[in-house]
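Here is the file upload.json (JSON, C-alpha atoms).
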```json
[["chain", "number", "residue", "atom", "x", "y", "z"],
["A", 30, "MET", "CA", 0.00, 0.00, 0.00],
["A", 31, "ALA", "CA", 2.88, 2.38, 0.68],
["A", 32, "LEU", "CA", 3.98, 1.99, -2.93],
["A", 33, "SER", "CA", 0.55, 3.04, -4.19],
["A", 34, "ILE", "CA", 0.49, 6.11, -1.97],
["A", 35, "SER", "CA", 3.99, 7.07, -3.12],
["A", 36, "ALA", "CA", 2.99, 6.68, -6.76],
["A", 37, "VAL", "CA", -0.09, 8.82, -6.22],
["A", 38, "VAL", "CA", 1.94, 11.55, -4.52],
["A", 39, "LEU", "CA", 4.57, 11.45, -7.27],
["A", 40, "LEU", "CA", 1.96, 11.65, -10.03],
["A", 41, "ALA", "CA", 0.14, 14.48, -8.23],
["A", 42, "ILE", "CA", 3.39, 16.44, -8.05],
["A", 43, "VAL", "CA", 4.04, 15.83, -11.75],
["A", 44, "VAL", "CA", 0.53, 17.02, -12.67],
["A", 45, "PHE", "CA", 0.90, 20.08, -10.43],
["A", 46, "LEU", "CA", 4.21, 20.98, -12.07],
["A", 47, "LEU", "CA", 2.76, 20.47, -15.55],
["A", 48, "VAL", "CA", -0.15, 22.75, -14.73],
["A", 49, "ARG", "CA", 2.11, 25.44, -13.25],
["A", 50, "LYS", "CA", 5.14, 25.33, -15.57],
["A", 51, "SER", "CA", 4.22, 23.67, -18.86],
["A", 52, "GLY", "CA", 0.88, 25.23, -19.58],
["A", 53, "LEU", "CA", -1.24, 22.14, -18.97],
["A", 54, "LYS", "CA", -4.77, 23.35, -18.51],
["A", 55, "ALA", "CA", -6.72, 22.30, -15.42],
["A", 56, "GLY", "CA", -9.42, 20.83, -17.70],
["A", 57, "HIS", "CA", -6.86, 18.55, -19.33],
["A", 58, "ALA", "CA", -5.63, 17.40, -15.92],
["A", 59, "ALA", "CA", -9.23, 16.66, -14.88],
["A", 60, "VAL", "CA", -9.77, 14.57, -18.01],
["A", 61, "CYS", "CA", -6.57, 12.63, -17.24],
["A", 62, "MET", "CA", -7.81, 11.98, -13.69],
["A", 63, "LEU", "CA", -11.17, 10.76, -14.98],
["A", 64, "LEU", "CA", -9.38, 8.45, -17.40],
["A", 65, "GLY", "CA", -7.42, 7.06, -14.45],
["A", 66, "PHE", "CA", -10.59, 6.41, -12.48],
["A", 67, "TYR", "CA", -12.22, 4.66, -15.43],
["A", 68, "LEU", "CA", -9.09, 2.58, -16.06],
["A", 69, "ALA", "CA", -9.05, 1.58, -12.39],
["A", 70, "SER", "CA", -12.51, 0.09, -12.70],
["A", 71, "SER", "CA", -11.92, -1.57, -16.08],
["A", 72, "SER", "CA", -10.80, -5.11, -16.85],
["A", 73, "ILE", "CA", -7.28, -3.90, -17.66],
["A", 74, "ALA", "CA", -6.71, -2.57, -14.10],
["A", 75, "PRO", "CA", -5.01, -5.76, -12.79],
["A", 76, "THR", "CA", -2.59, -5.70, -15.73],
["A", 77, "ILE", "CA", -1.70, -2.05, -15.12],
["A", 78, "ASN", "CA", -1.26, -2.76, -11.41],
["A", 79, "GLU", "CA", 1.03, -5.72, -12.11],
["A", 80, "LEU", "CA", 3.05, -3.68, -14.61],
["A", 81, "THR", "CA", 3.60, -0.79, -12.23],
["A", 82, "THR", "CA", 4.46, -3.17, -9.38],
["A", 83, "ASN", "CA", 7.02, -4.96, -11.56],
["A", 84, "VAL", "CA", 8.58, -1.69, -12.75],
["A", 85, "ALA", "CA", 8.79, -0.40, -9.17],
["A", 86, "GLY", "CA", 10.39, -3.70, -8.14],
["A", 87, "MET", "CA", 12.95, -3.42, -10.93],
["A", 88, "ILE", "CA", 13.77, 0.16, -9.98],
["A", 89, "GLY", "CA", 14.02, -0.75, -6.31],
["A", 90, "GLY", "CA", 16.15, -3.82, -7.08],
["A", 91, "THR", "CA", 18.69, -2.09, -9.25],
["A", 92, "GLN", "CA", 22.07, -1.36, -7.82],
["A", 93, "VAL", "CA", 24.34, 1.44, -8.81],
["A", 94, "LEU", "CA", 27.48, 0.01, -10.36],
["A", 95, "ARG", "CA", 30.65, 1.82, -9.44],
["A", 96, "ALA", "CA", 33.92, 1.63, -11.25],
["A", 97, "VAL", "CA", 36.60, -0.01, -9.16],
["A", 98, "PRO", "CA", 39.87, 1.95, -9.32]]
```
Write out the structure in this file as structure tokens.
Amino acid sequence: MALSISAVVLLAIVVFLLVRKSGLKAGHAAVCMLLGFYLASSSIAPTINELTTNVAGMIGGTQVLRAVP
């Protein structure tokens, strides 16, 4: 559940920055949010959830490789 909350906060920050800095209109952001709600209740929602979980796992499991002198 913590991963979902983090993703929501991250996406909210991205949308806020797009509205403030890149000229994204509030109406466009609302349409994107509605699309998200409809996708969440569709039959593709489990696939999206699995994809984002796997990507987050890959990002969390990667290690920074350092050059050994």
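Closest approach to A:Ala58 from the set A:Ala36, A:Ser70, A:Gly90, A:Val43 is made by A:Val43, with distances taken over all atoms listed in the file.
One finds atom CA of A:Leu47 at 12.6 Å from atom CA of A:Ala59.
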Edge lengths and centre, in Å to one decimal, as lines of an AutoDock Vina configuration file: that's what I need for the box along x, y and z that holds all listed atoms of stretch 43-48 of chain A plus 6 Å on each side.
```
center_x = 2.0
center_y = 19.3
center_z = -13.0
size_x = 16.4
size_y = 18.9
size_z = 17.1
```
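Taking atom CA of A:Leu64 and atom CA of A:Met87 as the two end points, the separation is 26.1 Å.
If you look at atom CA of A:Thr82 and atom CA of A:Met62, they are 20.0 Å away from each other.
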Give me stretch 33-53 of chain A with N, CA and C atoms filled in, as a short mmCIF file (atom, residue, chain, number, x, y, z; two decimals), in the frame of the given file.
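And here is the file that came out, rebuild25.cif:
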```
data_model
loop_
_atom_site.label_atom_id
_atom_site.label_comp_id
_atom_site.auth_asym_id
_atom_site.auth_seq_id
_atom_site.Cartn_x
_atom_site.Cartn_y
_atom_site.Cartn_z
N SER A 33 1.64 2.36 -3.50
CA SER A 33 0.55 3.04 -4.19
C SER A 33 0.44 4.49 -3.75
N ILE A 34 0.58 4.74 -2.46
CA ILE A 34 0.49 6.11 -1.97
C ILE A 34 1.66 6.93 -2.53
N SER A 35 2.84 6.36 -2.56
CA SER A 35 3.99 7.07 -3.12
C SER A 35 3.79 7.38 -4.59
N ALA A 36 3.24 6.45 -5.34
CA ALA A 36 2.99 6.68 -6.76
C ALA A 36 1.96 7.78 -6.95
N VAL A 37 0.93 7.79 -6.11
CA VAL A 37 -0.09 8.82 -6.22
C VAL A 37 0.50 10.19 -5.91
N VAL A 38 1.32 10.27 -4.88
CA VAL A 38 1.94 11.55 -4.52
C VAL A 38 2.87 12.01 -5.64
N LEU A 39 3.67 11.10 -6.18
CA LEU A 39 4.57 11.45 -7.27
C LEU A 39 3.80 11.94 -8.49
N LEU A 40 2.75 11.24 -8.87
CA LEU A 40 1.96 11.65 -10.03
C LEU A 40 1.24 12.98 -9.78
N ALA A 41 0.78 13.19 -8.55
CA ALA A 41 0.14 14.48 -8.23
C ALA A 41 1.13 15.63 -8.35
N ILE A 42 2.36 15.41 -7.92
CA ILE A 42 3.39 16.44 -8.05
C ILE A 42 3.69 16.71 -9.51
N VAL A 43 3.77 15.65 -10.32
CA VAL A 43 4.04 15.83 -11.75
C VAL A 43 2.91 16.62 -12.40
N VAL A 44 1.66 16.29 -12.09
CA VAL A 44 0.53 17.02 -12.67
C VAL A 44 0.55 18.48 -12.21
N PHE A 45 0.83 18.71 -10.94
CA PHE A 45 0.90 20.08 -10.43
C PHE A 45 1.97 20.88 -11.18
N LEU A 46 3.14 20.28 -11.36
CA LEU A 46 4.21 20.98 -12.07
C LEU A 46 3.85 21.23 -13.53
N LEU A 47 3.18 20.27 -14.16
CA LEU A 47 2.76 20.47 -15.55
C LEU A 47 1.74 21.59 -15.67
N VAL A 48 0.83 21.68 -14.70
CA VAL A 48 -0.15 22.75 -14.73
C VAL A 48 0.53 24.10 -14.52
N ARG A 49 1.47 24.16 -13.58
CA ARG A 49 2.11 25.44 -13.25
C ARG A 49 3.14 25.87 -14.29
N LYS A 50 3.98 24.95 -14.76
CA LYS A 50 5.14 25.33 -15.57
C LYS A 50 4.98 25.09 -17.07
N SER A 51 4.25 24.05 -17.45
CA SER A 51 4.22 23.67 -18.86
C SER A 51 2.94 24.07 -19.59
N GLY A 52 2.07 24.76 -18.90
CA GLY A 52 0.88 25.23 -19.58
C GLY A 52 -0.22 24.19 -19.71
N LEU A 53 -0.16 23.12 -18.96
CA LEU A 53 -1.24 22.14 -18.97
C LEU A 53 -2.46 22.78 -18.34
#
```
